[in-house]
$ cat entry-v1.pdb   # PDB, C-alpha atoms and all ligand atoms
ATOM      1  CA  MET V   1     -39.985  25.357  24.227
ATOM      2  CA  LEU V   2     -37.415  23.121  22.565
ATOM      3  CA  ASN V   3     -37.957  19.376  22.640
ATOM      4  CA  ILE V   4     -34.357  18.351  23.307
ATOM      5  CA  PRO V   5     -32.533  15.999  25.720
ATOM      6  CA  LYS V   6     -31.609  17.083  29.256
ATOM      7  CA  THR V   7     -27.885  17.720  29.046
ATOM      8  CA  THR V   8     -25.085  17.596  31.618
ATOM      9  CA  LEU V   9     -21.558  18.717  30.843
ATOM     10  CA  PHE V  10     -19.387  16.323  32.859
ATOM     11  CA  MET V  11     -15.698  17.261  33.167
ATOM     12  CA  ILE V  12     -12.622  16.988  35.298
ATOM     13  CA  SER V  13     -10.542  20.123  35.617
ATOM     14  CA  SER V  14      -7.727  21.570  37.675
ATOM     15  CA  LEU V  15      -8.523  24.377  40.104
ATOM     16  CA  ASP V  16      -7.556  26.857  37.369
ATOM     17  CA  GLY V  17     -10.137  25.331  34.992
ATOM     18  CA  LYS V  18      -7.716  23.430  32.745
ATOM     19  CA  ILE V  19      -9.007  20.184  31.225
ATOM     20  CA  SER V  20      -5.648  18.944  29.961
ATOM     21  CA  SER V  21      -2.044  19.103  31.203
ATOM     22  CA  GLY V  22      -0.892  21.334  28.356
ATOM     23  CA  ASP V  23      -1.515  22.330  24.770
ATOM     24  CA  THR V  24      -0.287  19.349  22.730
ATOM     25  CA  ASP V  25      -1.784  15.915  22.145
ATOM     26  CA  SER V  26       1.167  14.272  23.903
ATOM     27  CA  VAL V  27      -0.184  15.418  27.276
ATOM     28  CA  ASP V  28      -3.521  14.419  28.743
ATOM     29  CA  VAL V  29      -5.461  14.172  32.036
ATOM     30  CA  ASP V  30      -5.943  10.382  31.832
ATOM     31  CA  ARG V  31      -2.293   9.701  31.129
ATOM     32  CA  ASP V  32      -0.589  12.371  33.237
ATOM     33  CA  TRP V  33      -2.564  13.171  36.385
ATOM     34  CA  LYS V  34      -2.251   9.622  37.714
ATOM     35  CA  ARG V  35       1.515  10.247  37.793
ATOM     36  CA  VAL V  36       1.332  13.344  40.012
ATOM     37  CA  LYS V  37       1.617  12.654  43.723
ATOM     38  CA  GLY V  38      -1.160  14.454  45.620
ATOM     39  CA  VAL V  39      -3.445  14.215  42.558
ATOM     40  CA  ARG V  40      -3.208  10.521  41.619
ATOM     41  CA  GLU V  41      -4.641   9.321  44.951
ATOM     42  CA  GLY V  42      -8.115  10.838  44.337
ATOM     43  CA  LEU V  43      -8.386  10.565  40.553
ATOM     44  CA  GLY V  44     -10.373   7.309  40.664
ATOM     45  CA  GLN V  45     -13.346   9.224  42.092
ATOM     46  CA  TYR V  46     -13.806  10.958  38.728
ATOM     47  CA  TYR V  47     -13.972   7.597  36.923
ATOM     48  CA  GLU V  48     -16.429   6.318  39.562
ATOM     49  CA  LEU V  49     -18.740   9.301  38.972
ATOM     50  CA  GLU V  50     -18.355   8.829  35.211
ATOM     51  CA  LYS V  51     -19.810   5.310  35.537
ATOM     52  CA  HIS V  52     -23.086   6.904  36.660
ATOM     53  CA  THR V  53     -23.461   9.308  33.737
ATOM     54  CA  ASP V  54     -26.075   8.894  30.976
ATOM     55  CA  ILE V  55     -26.077   6.035  28.476
ATOM     56  CA  PHE V  56     -25.877   8.618  25.679
ATOM     57  CA  SER V  57     -22.582  10.498  25.583
ATOM     58  CA  PHE V  58     -21.690  13.442  23.331
ATOM     59  CA  ASN V  59     -18.103  14.047  22.269
ATOM     60  CA  THR V  60     -15.922  14.908  19.271
ATOM     61  CA  GLY V  61     -13.827  12.889  16.850
ATOM     62  CA  ARG V  62     -10.993  15.199  17.833
ATOM     63  CA  VAL V  63     -11.092  13.914  21.453
ATOM     64  CA  MET V  64     -11.488  10.288  20.296
ATOM     65  CA  GLN V  65      -8.383  10.687  18.114
ATOM     66  CA  LYS V  66      -6.453  12.256  20.988
ATOM     67  CA  ILE V  67      -7.230   9.375  23.341
ATOM     68  CA  GLY V  68      -5.903   6.956  20.705
ATOM     69  CA  ILE V  69      -9.117   5.301  19.446
ATOM     70  CA  ASN V  70      -7.673   5.026  15.901
ATOM     71  CA  SER V  71      -4.743   2.914  17.061
ATOM     72  CA  ARG V  72      -6.363   0.652  19.668
ATOM     73  CA  THR V  73      -5.865  -3.021  18.899
ATOM     74  CA  ASN V  74      -7.568  -4.729  21.861
ATOM     75  CA  ASN V  75     -10.964  -6.390  21.587
ATOM     76  CA  PRO V  76     -13.154  -4.161  23.778
ATOM     77  CA  LYS V  77     -15.829  -5.487  26.128
ATOM     78  CA  LYS V  78     -19.192  -4.281  24.788
ATOM     79  CA  ILE V  79     -20.879  -1.522  26.799
ATOM     80  CA  LEU V  80     -24.480  -0.396  26.471
ATOM     81  CA  CYS V  81     -23.635   3.222  25.685
ATOM     82  CA  THR V  82     -24.227   5.233  22.550
ATOM     83  CA  PHE V  83     -21.683   7.882  21.560
ATOM     84  CA  VAL V  84     -22.728  10.905  19.523
ATOM     85  CA  LEU V  85     -19.527  12.206  17.913
ATOM     86  CA  VAL V  86     -19.081  15.406  15.932
ATOM     87  CA  ASP V  87     -16.384  14.705  13.379
ATOM     88  CA  ASN V  88     -15.892  16.709  10.221
ATOM     89  CA  GLN V  89     -12.222  16.565   9.332
ATOM     90  CA  PRO V  90     -12.402  13.427   9.825
ATOM     91  CA  HIS V  91     -10.346  12.741  12.950
ATOM     92  CA  LEU V  92     -11.684   9.181  13.130
ATOM     93  CA  ASN V  93     -10.512   6.700  10.521
ATOM     94  CA  GLU V  94     -12.037   3.351   9.551
ATOM     95  CA  LYS V  95     -10.027   1.506  12.192
ATOM     96  CA  GLY V  96     -11.180   3.840  14.940
ATOM     97  CA  LEU V  97     -14.791   3.539  13.783
ATOM     98  CA  HIS V  98     -14.545  -0.272  13.830
ATOM     99  CA  TYR V  99     -13.192  -0.110  17.364
ATOM    100  CA  LEU V 100     -16.065   2.143  18.483
ATOM    101  CA  SER V 101     -18.598  -0.065  16.719
ATOM    102  CA  ASN V 102     -17.281  -3.150  18.566
ATOM    103  CA  TRP V 103     -17.157  -1.339  21.900
ATOM    104  CA  LEU V 104     -20.458   0.567  21.925
ATOM    105  CA  ARG V 105     -24.124  -0.215  21.462
ATOM    106  CA  HIS V 106     -24.451   2.447  18.769
ATOM    107  CA  VAL V 107     -22.292   5.193  17.257
ATOM    108  CA  ILE V 108     -23.850   8.341  15.790
ATOM    109  CA  ILE V 109     -21.452  10.408  13.678
ATOM    110  CA  VAL V 110     -22.452  14.019  13.064
ATOM    111  CA  THR V 111     -20.569  15.531  10.151
ATOM    112  CA  THR V 112     -20.426  18.108   7.373
ATOM    113  CA  ASN V 113     -18.010  15.875   5.461
ATOM    114  CA  LYS V 114     -19.784  13.864   2.774
ATOM    115  CA  LYS V 115     -16.681  11.677   2.371
ATOM    116  CA  HIS V 116     -16.637  10.623   6.032
ATOM    117  CA  PRO V 117     -15.712   6.883   6.345
ATOM    118  CA  ALA V 118     -18.761   6.343   8.586
ATOM    119  CA  PHE V 119     -21.108   6.504   5.554
ATOM    120  CA  ALA V 120     -19.791   3.222   4.133
ATOM    121  CA  MET V 121     -20.098   1.505   7.499
ATOM    122  CA  GLU V 122     -23.659   2.728   7.957
ATOM    123  CA  LYS V 123     -24.450   1.388   4.493
ATOM    124  CA  ALA V 124     -22.881  -1.966   5.396
ATOM    125  CA  GLY V 125     -25.388  -2.292   8.247
ATOM    126  CA  GLN V 126     -22.991  -1.733  11.148
ATOM    127  CA  ASN V 127     -24.243  -0.104  14.346
ATOM    128  CA  ILE V 128     -23.159   3.291  13.002
ATOM    129  CA  SER V 129     -25.505   6.075  11.893
ATOM    130  CA  VAL V 130     -24.549   9.321  10.226
ATOM    131  CA  ILE V 131     -26.299  12.644  10.663
ATOM    132  CA  TYR V 132     -25.126  14.858   7.833
ATOM    133  CA  TYR V 133     -25.291  18.641   7.545
ATOM    134  CA  PRO V 134     -24.259  20.045   4.143
ATOM    135  CA  SER V 135     -22.528  23.213   5.437
ATOM    136  CA  THR V 136     -22.632  23.971   9.161
ATOM    137  CA  ILE V 137     -24.045  21.852  11.967
ATOM    138  CA  ASN V 138     -27.261  23.258  13.379
ATOM    139  CA  PHE V 139     -26.896  22.074  16.960
ATOM    140  CA  ILE V 140     -30.466  22.919  17.992
ATOM    141  CA  ASN V 141     -31.757  20.879  15.072
ATOM    142  CA  LEU V 142     -29.267  18.111  15.955
ATOM    143  CA  PHE V 143     -30.396  17.914  19.574
ATOM    144  CA  GLU V 144     -34.063  17.870  18.495
ATOM    145  CA  LYS V 145     -33.241  15.053  16.079
ATOM    146  CA  LEU V 146     -31.399  13.103  18.788
ATOM    147  CA  LYS V 147     -34.488  13.192  20.969
ATOM    148  CA  ARG V 148     -37.090  12.606  18.260
ATOM    149  CA  GLN V 149     -35.339  10.030  16.077
ATOM    150  CA  TYR V 150     -32.923   8.340  18.465
ATOM    151  CA  GLY V 151     -34.858   8.510  21.758
ATOM    152  CA  VAL V 152     -32.155  10.466  23.609
ATOM    153  CA  ASN V 153     -33.793  11.848  26.740
ATOM    154  CA  ARG V 154     -30.621  12.522  28.731
ATOM    155  CA  LEU V 155     -27.207  13.267  27.276
ATOM    156  CA  THR V 156     -23.826  13.602  28.999
ATOM    157  CA  VAL V 157     -21.520  15.987  27.161
ATOM    158  CA  GLN V 158     -17.793  15.207  27.451
ATOM    159  CA  SER V 159     -16.252  17.187  24.612
ATOM    160  CA  GLY V 160     -13.354  19.656  24.762
ATOM    161  CA  GLY V 161     -13.350  23.415  25.278
ATOM    162  CA  THR V 162     -14.128  24.478  21.703
ATOM    163  CA  MET V 163     -17.220  22.330  21.377
ATOM    164  CA  ASN V 164     -18.301  23.086  24.943
ATOM    165  CA  ALA V 165     -18.263  26.819  24.161
ATOM    166  CA  THR V 166     -20.444  26.239  21.085
ATOM    167  CA  LEU V 167     -22.999  24.238  23.056
ATOM    168  CA  ILE V 168     -23.039  26.459  26.145
ATOM    169  CA  ARG V 169     -23.460  29.616  24.074
ATOM    170  CA  ALA V 170     -26.247  27.978  22.054
ATOM    171  CA  GLY V 171     -28.103  27.393  25.351
ATOM    172  CA  LEU V 172     -27.876  23.606  24.949
ATOM    173  CA  ILE V 173     -26.280  22.727  28.304
ATOM    174  CA  ASP V 174     -28.623  22.439  31.295
ATOM    175  CA  ARG V 175     -26.203  21.370  34.025
ATOM    176  CA  ILE V 176     -22.482  21.259  34.671
ATOM    177  CA  SER V 177     -21.013  18.515  36.872
ATOM    178  CA  LEU V 178     -17.406  19.382  37.505
ATOM    179  CA  VAL V 179     -14.834  17.328  39.351
ATOM    180  CA  THR V 180     -12.066  19.672  40.483
ATOM    181  CA  ALA V 181      -8.673  18.083  41.108
ATOM    182  CA  PRO V 182      -6.275  19.624  43.637
ATOM    183  CA  LEU V 183      -3.936  20.911  40.954
ATOM    184  CA  LEU V 184      -2.834  24.079  39.203
ATOM    185  CA  VAL V 185      -1.837  23.548  35.560
ATOM    186  CA  GLY V 186      -1.443  26.992  34.019
ATOM    187  CA  GLY V 187      -0.613  27.884  30.446
ATOM    188  CA  LYS V 188      -2.580  30.439  28.456
ATOM    189  CA  THR V 189      -3.086  27.935  25.616
ATOM    190  CA  THR V 190      -3.994  24.902  27.746
ATOM    191  CA  PRO V 191      -7.638  23.913  26.991
ATOM    192  CA  THR V 192     -10.224  24.928  29.584
ATOM    193  CA  LEU V 193     -13.764  23.808  30.255
ATOM    194  CA  MET V 194     -15.027  26.551  27.925
ATOM    195  CA  ASP V 195     -12.785  27.940  25.186
ATOM    196  CA  GLY V 196     -14.087  29.206  21.847
ATOM    197  CA  GLU V 197     -13.795  32.867  20.971
ATOM    198  CA  ALA V 198     -13.282  35.410  23.748
ATOM    199  CA  ILE V 199     -15.774  38.223  23.988
ATOM    200  CA  HIS V 200     -14.355  41.534  22.811
ATOM    201  CA  SER V 201     -16.746  44.219  24.065
ATOM    202  CA  VAL V 202     -19.444  44.958  26.660
ATOM    203  CA  SER V 203     -22.046  44.516  23.927
ATOM    204  CA  GLU V 204     -21.293  40.793  24.170
ATOM    205  CA  LEU V 205     -21.774  40.460  27.947
ATOM    206  CA  ASN V 206     -24.951  38.485  27.223
ATOM    207  CA  LYS V 207     -22.667  35.607  26.165
ATOM    208  CA  LEU V 208     -21.598  35.104  29.798
ATOM    209  CA  LYS V 209     -23.514  32.316  31.495
ATOM    210  CA  PRO V 210     -24.552  32.705  35.137
ATOM    211  CA  LEU V 211     -24.964  29.466  37.109
ATOM    212  CA  LYS V 212     -26.899  28.286  40.141
ATOM    213  CA  LEU V 213     -25.176  25.887  42.531
ATOM    214  CA  LEU V 214     -27.178  22.663  42.957
ATOM    215  CA  GLU V 215     -24.699  20.424  44.813
ATOM    216  CA  MET V 216     -21.330  20.780  46.483
ATOM    217  CA  ASN V 217     -19.783  17.410  47.267
ATOM    218  CA  LYS V 218     -16.526  17.261  49.158
ATOM    219  CA  LEU V 219     -14.704  14.195  47.856
ATOM    220  CA  LYS V 220     -11.660  12.472  49.331
ATOM    221  CA  ASN V 221      -8.041  13.526  48.769
ATOM    222  CA  SER V 222      -8.859  17.268  48.339
ATOM    223  CA  TYR V 223     -11.169  16.737  45.331
ATOM    224  CA  ILE V 224     -14.570  18.405  44.999
ATOM    225  CA  ASN V 225     -17.589  17.805  42.785
ATOM    226  CA  LEU V 226     -19.709  20.843  42.010
ATOM    227  CA  VAL V 227     -23.030  20.580  40.196
ATOM    228  CA  TYR V 228     -24.540  23.730  38.692
ATOM    229  CA  LYS V 229     -27.665  24.543  36.738
ATOM    230  CA  VAL V 230     -26.983  26.837  33.765
ATOM    231  CA  LEU V 231     -29.475  29.695  33.996
ATOM    232  CA  PRO V 232     -31.464  29.902  30.759
ATOM    233  CA  LYS V 233     -31.237  33.686  30.423
ATOM    234  CA  THR V 234     -28.397  36.171  30.931
ATOM    235  CA  VAL V 235     -29.720  39.464  32.231
ATOM    236  CA  ILE V 236     -27.372  42.470  31.987
ATOM    237  CA  VAL V 237     -28.258  45.365  34.281
ATOM    238  CA  LYS V 238     -27.588  48.887  32.906
TER     239      LYS V 238
HETATM  240  N1  LIG C   1     -10.788  16.905  31.335
HETATM  241  C1  LIG C   1     -11.836  16.496  30.649
HETATM  242  O1  LIG C   1     -12.851  16.088  31.252
HETATM  243  C2  LIG C   1     -11.797  16.553  29.152
HETATM  244  C3  LIG C   1     -12.876  16.084  28.397
HETATM  245  C4  LIG C   1     -12.825  16.211  27.005
HETATM  246  C5  LIG C   1     -11.718  16.774  26.378
HETATM  247  N2  LIG C   1     -10.684  17.192  27.135
HETATM  248  C6  LIG C   1      -9.504  17.831  26.499
HETATM  249  O2  LIG C   1      -9.948  18.903  25.679
HETATM  250  C7  LIG C   1      -9.030  19.071  24.604
HETATM  251  C8  LIG C   1      -9.788  19.078  23.287
HETATM  252  O3  LIG C   1     -10.457  20.276  23.171
HETATM  253  P1  LIG C   1     -10.606  20.943  21.749
HETATM  254  O4  LIG C   1     -11.165  22.294  21.965
HETATM  255  O5  LIG C   1      -9.324  20.789  21.001
HETATM  256  O6  LIG C   1     -11.594  19.932  21.015
HETATM  257  P2  LIG C   1     -13.167  19.768  21.031
HETATM  258  O7  LIG C   1     -13.816  20.997  21.522
HETATM  259  O8  LIG C   1     -13.527  18.477  21.702
HETATM  260  O9  LIG C   1     -13.435  19.523  19.513
HETATM  261  C9  LIG C   1     -13.142  20.476  18.570
HETATM  262  C10 LIG C   1     -13.689  19.945  17.274
HETATM  263  O10 LIG C   1     -15.110  19.862  17.334
HETATM  264  C11 LIG C   1     -15.650  20.287  16.123
HETATM  265  N3  LIG C   1     -16.396  21.535  16.378
HETATM  266  C12 LIG C   1     -16.228  22.402  17.398
HETATM  267  N4  LIG C   1     -17.114  23.411  17.296
HETATM  268  C13 LIG C   1     -17.856  23.152  16.199
HETATM  269  C14 LIG C   1     -18.912  23.809  15.546
HETATM  270  N5  LIG C   1     -19.430  24.965  16.009
HETATM  271  N6  LIG C   1     -19.422  23.256  14.430
HETATM  272  C15 LIG C   1     -18.935  22.095  13.941
HETATM  273  N7  LIG C   1     -17.931  21.417  14.512
HETATM  274  C16 LIG C   1     -17.396  21.947  15.620
HETATM  275  C17 LIG C   1     -14.493  20.521  15.160
HETATM  276  O11 LIG C   1     -14.272  19.282  14.523
HETATM  277  P3  LIG C   1     -13.525  19.137  13.105
HETATM  278  O12 LIG C   1     -12.088  19.456  13.375
HETATM  279  O13 LIG C   1     -13.753  17.716  12.756
HETATM  280  O14 LIG C   1     -14.172  20.136  12.198
HETATM  281  C18 LIG C   1     -13.366  20.870  16.111
HETATM  282  O15 LIG C   1     -12.111  20.585  15.616
HETATM  283  C19 LIG C   1      -8.068  17.907  24.666
HETATM  284  O16 LIG C   1      -6.864  18.347  25.257
HETATM  285  C20 LIG C   1      -8.777  16.909  25.546
HETATM  286  O17 LIG C   1      -7.883  16.066  26.218
HETATM  287  C21 LIG C   1     -10.689  17.094  28.511
END
$ encode --input "entry-v1.pdb" --output "structure tokens"
Amino acid sequence: MLNIPKTTLFMISSLDGKISSGDTDSVDVDRDWKRVKGVREGLGQYYELEKHTDIFSFNTGRVMQKIGINSRTNNPKKILCTFVLVDNQPHLNEKGLHYLSNWLRHVIIVTTNKKHPAFAMEKAGQNISVIYYPSTINFINLFEKLKRQYGVNRLTVQSGGTMNATLIRAGLIDRISLVTAPLLVGGKTTPTLMDGEAIHSVSELNKLKPLKLLEMNKLKNSYINLVYKVLPKTVIVK
């Protein structure tokens, strides 16, 4: 039995499972869906539910860059959350890291990049820690470390489709809480809740993840919130 945090993947998607409006960084749920009549009216319910998620949040530098963290100039009001951010490239620059450090209680950067700008800030005593993996990130080891060394008992995952696929397939997501907006987005290349590599043959059917419905909440303005448990084992019947 792994000693890891209880995890919930918390997302907003369209009815067709899309988590963005399209496939470039110029389009985005936060920016665009509030402009669409019929969708904008109920969108606030997602942000309300988000306020009740865990104080530890898991995401990627890629998403932080997309939402403009590197170019924010305001002085953020401090919140008591810790972000765990996987960032190798790096997508976050020094400015973005300073912003996060001012905004959050603690920032944990997980990286395979030994030149990541977060190292210098950790050394300077800022509220930034780095968890470094020399080649590939071992996510089971990472989640164990988060619980053991950083006291993370519950973790809300809010990353994009590539990372979500990695975590779901590694068996590291316990629950999914999905807010479905009354919208069809379309586009084969638009990110979905779970992207990553497609399966190519029946020998890989064990990568599919059956779910058990825990809650079905009808929200206002044609929105729904579905909460599922991810079943720990995929059984394929011959
Ligand atoms: N609607 C919502 O609730 C919601 C929430 C979050 C995101 N989104 C949307 O999702 C989209 C982003 O999705 P995405 O797939 O591009 O990004 P993503 O899954 O958030 O992040 C991809 C990055 O994570 C790192 N990564 C992924 N798998 C890894 C692995 N196995 N090992 C090590 N690092 C790994 C890589 O970082 P490096 O490049 O640094 O190596 C990769 O570039 C955006 O359009 C965003 O707006 C929507």
$ residues_near_ligand --input "entry-v1.pdb" --ligand "ligand LIG 1 (chain C)" --cutoff "7 Å" --atoms "only C-alpha atoms and all ligand atoms" --output "PDB file with C-alpha atoms, in the coordinates of the input"
ATOM      1  CA  PHE V  10     -19.387  16.323  32.859  1.00  0.00           C
ATOM      2  CA  MET V  11     -15.698  17.261  33.167  1.00  0.00           C
ATOM      3  CA  ILE V  12     -12.622  16.988  35.298  1.00  0.00           C
ATOM      4  CA  SER V  13     -10.542  20.123  35.617  1.00  0.00           C
ATOM      5  CA  ILE V  19      -9.007  20.184  31.225  1.00  0.00           C
ATOM      6  CA  SER V  20      -5.648  18.944  29.961  1.00  0.00           C
ATOM      7  CA  ASP V  23      -1.515  22.330  24.770  1.00  0.00           C
ATOM      8  CA  ASP V  25      -1.784  15.915  22.145  1.00  0.00           C
ATOM      9  CA  ASP V  28      -3.521  14.419  28.743  1.00  0.00           C
ATOM     10  CA  VAL V  29      -5.461  14.172  32.036  1.00  0.00           C
ATOM     11  CA  ASN V  59     -18.103  14.047  22.269  1.00  0.00           C
ATOM     12  CA  THR V  60     -15.922  14.908  19.271  1.00  0.00           C
ATOM     13  CA  GLY V  61     -13.827  12.889  16.850  1.00  0.00           C
ATOM     14  CA  ARG V  62     -10.993  15.199  17.833  1.00  0.00           C
ATOM     15  CA  VAL V  63     -11.092  13.914  21.453  1.00  0.00           C
ATOM     16  CA  LYS V  66      -6.453  12.256  20.988  1.00  0.00           C
ATOM     17  CA  VAL V  86     -19.081  15.406  15.932  1.00  0.00           C
ATOM     18  CA  ASP V  87     -16.384  14.705  13.379  1.00  0.00           C
ATOM     19  CA  ASN V  88     -15.892  16.709  10.221  1.00  0.00           C
ATOM     20  CA  GLN V  89     -12.222  16.565   9.332  1.00  0.00           C
ATOM     21  CA  PRO V  90     -12.402  13.427   9.825  1.00  0.00           C
ATOM     22  CA  HIS V  91     -10.346  12.741  12.950  1.00  0.00           C
ATOM     23  CA  THR V 136     -22.632  23.971   9.161  1.00  0.00           C
ATOM     24  CA  ILE V 137     -24.045  21.852  11.967  1.00  0.00           C
ATOM     25  CA  GLN V 158     -17.793  15.207  27.451  1.00  0.00           C
ATOM     26  CA  SER V 159     -16.252  17.187  24.612  1.00  0.00           C
ATOM     27  CA  GLY V 160     -13.354  19.656  24.762  1.00  0.00           C
ATOM     28  CA  GLY V 161     -13.350  23.415  25.278  1.00  0.00           C
ATOM     29  CA  THR V 162     -14.128  24.478  21.703  1.00  0.00           C
ATOM     30  CA  MET V 163     -17.220  22.330  21.377  1.00  0.00           C
ATOM     31  CA  ASN V 164     -18.301  23.086  24.943  1.00  0.00           C
ATOM     32  CA  THR V 166     -20.444  26.239  21.085  1.00  0.00           C
ATOM     33  CA  PRO V 191      -7.638  23.913  26.991  1.00  0.00           C
ATOM     34  CA  ASP V 195     -12.785  27.940  25.186  1.00  0.00           C
TER      35      ASP V 195
END
$ closest_residue --input "entry-v1.pdb" --among "V:Arg31, V:Cys81, V:Leu167, V:Val36" --to "Asn127 of chain V" --atoms "only C-alpha atoms"
V:Cys81
$ closest_residue --input "entry-v1.pdb" --among "V:Arg72, V:His52, V:Lys18, V:Lys145" --to "Thr180 of chain V" --atoms "all atoms listed in the file"
V:Lys18
$ residues_near_point --input "entry-v1.pdb" --point "(-7.3, 13.8, 43.0)" --cutoff "8 Å" --atoms "all atoms listed in the file" --output "list in words"
Gly38, Val39, Arg40, Glu41, Gly42, Leu43, Gly44, Gln45, Thr180, Ala181, Pro182, Lys220, Asn221, Ser222 and Tyr223 of chain V
$ resolve_selection --input "entry-v1.pdb" --expression "the PyMOL selection byres (((chain V and resi 6) around 12) and not hetatm)" --output "compact mmCIF listing (two decimals) with C-alpha atoms, in the frame of the given file"
# COMPACT_ATOMS: atom_id res chain seq x y z
CA LEU V 2 -37.42 23.12 22.56
CA ASN V 3 -37.96 19.38 22.64
CA ILE V 4 -34.36 18.35 23.31
CA PRO V 5 -32.53 16.00 25.72
CA THR V 7 -27.88 17.72 29.05
CA THR V 8 -25.08 17.60 31.62
CA LEU V 9 -21.56 18.72 30.84
CA ASP V 54 -26.08 8.89 30.98
CA PHE V 56 -25.88 8.62 25.68
CA SER V 57 -22.58 10.50 25.58
CA PHE V 143 -30.40 17.91 19.57
CA GLU V 144 -34.06 17.87 18.50
CA LEU V 146 -31.40 13.10 18.79
CA LYS V 147 -34.49 13.19 20.97
CA GLY V 151 -34.86 8.51 21.76
CA VAL V 152 -32.16 10.47 23.61
CA ASN V 153 -33.79 11.85 26.74
CA ARG V 154 -30.62 12.52 28.73
CA LEU V 155 -27.21 13.27 27.28
CA THR V 156 -23.83 13.60 29.00
CA VAL V 157 -21.52 15.99 27.16
CA GLY V 171 -28.10 27.39 25.35
CA LEU V 172 -27.88 23.61 24.95
CA ILE V 173 -26.28 22.73 28.30
CA ASP V 174 -28.62 22.44 31.30
CA ARG V 175 -26.20 21.37 34.02
CA ILE V 176 -22.48 21.26 34.67
CA LYS V 229 -27.66 24.54 36.74
CA VAL V 230 -26.98 26.84 33.76
$ atom_distance --input "entry-v1.pdb" --atom1 "atom CA of Lys188 of chain V" --atom2 "atom CA of Ile67 of chain V"
22.2 Å
$ atom_distance --input "entry-v1.pdb" --atom1 "atom CA of Pro210 of chain V" --atom2 "atom CA of Arg148 of chain V"
29.1 Å
$ residues_near_point --input "entry-v1.pdb" --point "(-11.2, -6.3, 20.2)" --cutoff "12 Å" --atoms "only C-alpha atoms" --output "MDAnalysis selection string"
chainID V and resid 69 71:78 95:96 98:104
$ atom_distance --input "entry-v1.pdb" --atom1 "atom CA of Phe58 of chain V" --atom2 "atom CA of Thr82 of chain V"
8.6 Å
$ closest_residue --input "entry-v1.pdb" --among "V:Leu208, V:Leu15, V:Val107, V:Leu92" --to "Thr192 of chain V" --atoms "all atoms listed in the file"
V:Leu15
$ axis_aligned_box --input "entry-v1.pdb" --around "segment 152-159 of chain V" --padding-each-side "6 Å" --output "lines of an AutoDock Vina configuration file"
center_x = -25.0
center_y = 13.8
center_z = 26.3
size_x = 29.5
size_y = 18.7
size_z = 17.4
$ closest_residue --input "entry-v1.pdb" --among "V:Leu226, V:Val202, V:Leu193, V:Ile128" --to "Tyr46 of chain V" --atoms "only C-alpha atoms"
V:Leu226
$ closest_residue --input "entry-v1.pdb" --among "V:Asn225, V:Arg169, V:Ala124, V:Gly68" --to "Ser26 of chain V" --atoms "only C-alpha atoms"
V:Gly68
$ closest_residue --input "entry-v1.pdb" --among "V:Leu219, V:Met64, V:Leu49, V:Leu97" --to "Phe119 of chain V" --atoms "only C-alpha atoms"
V:Leu97
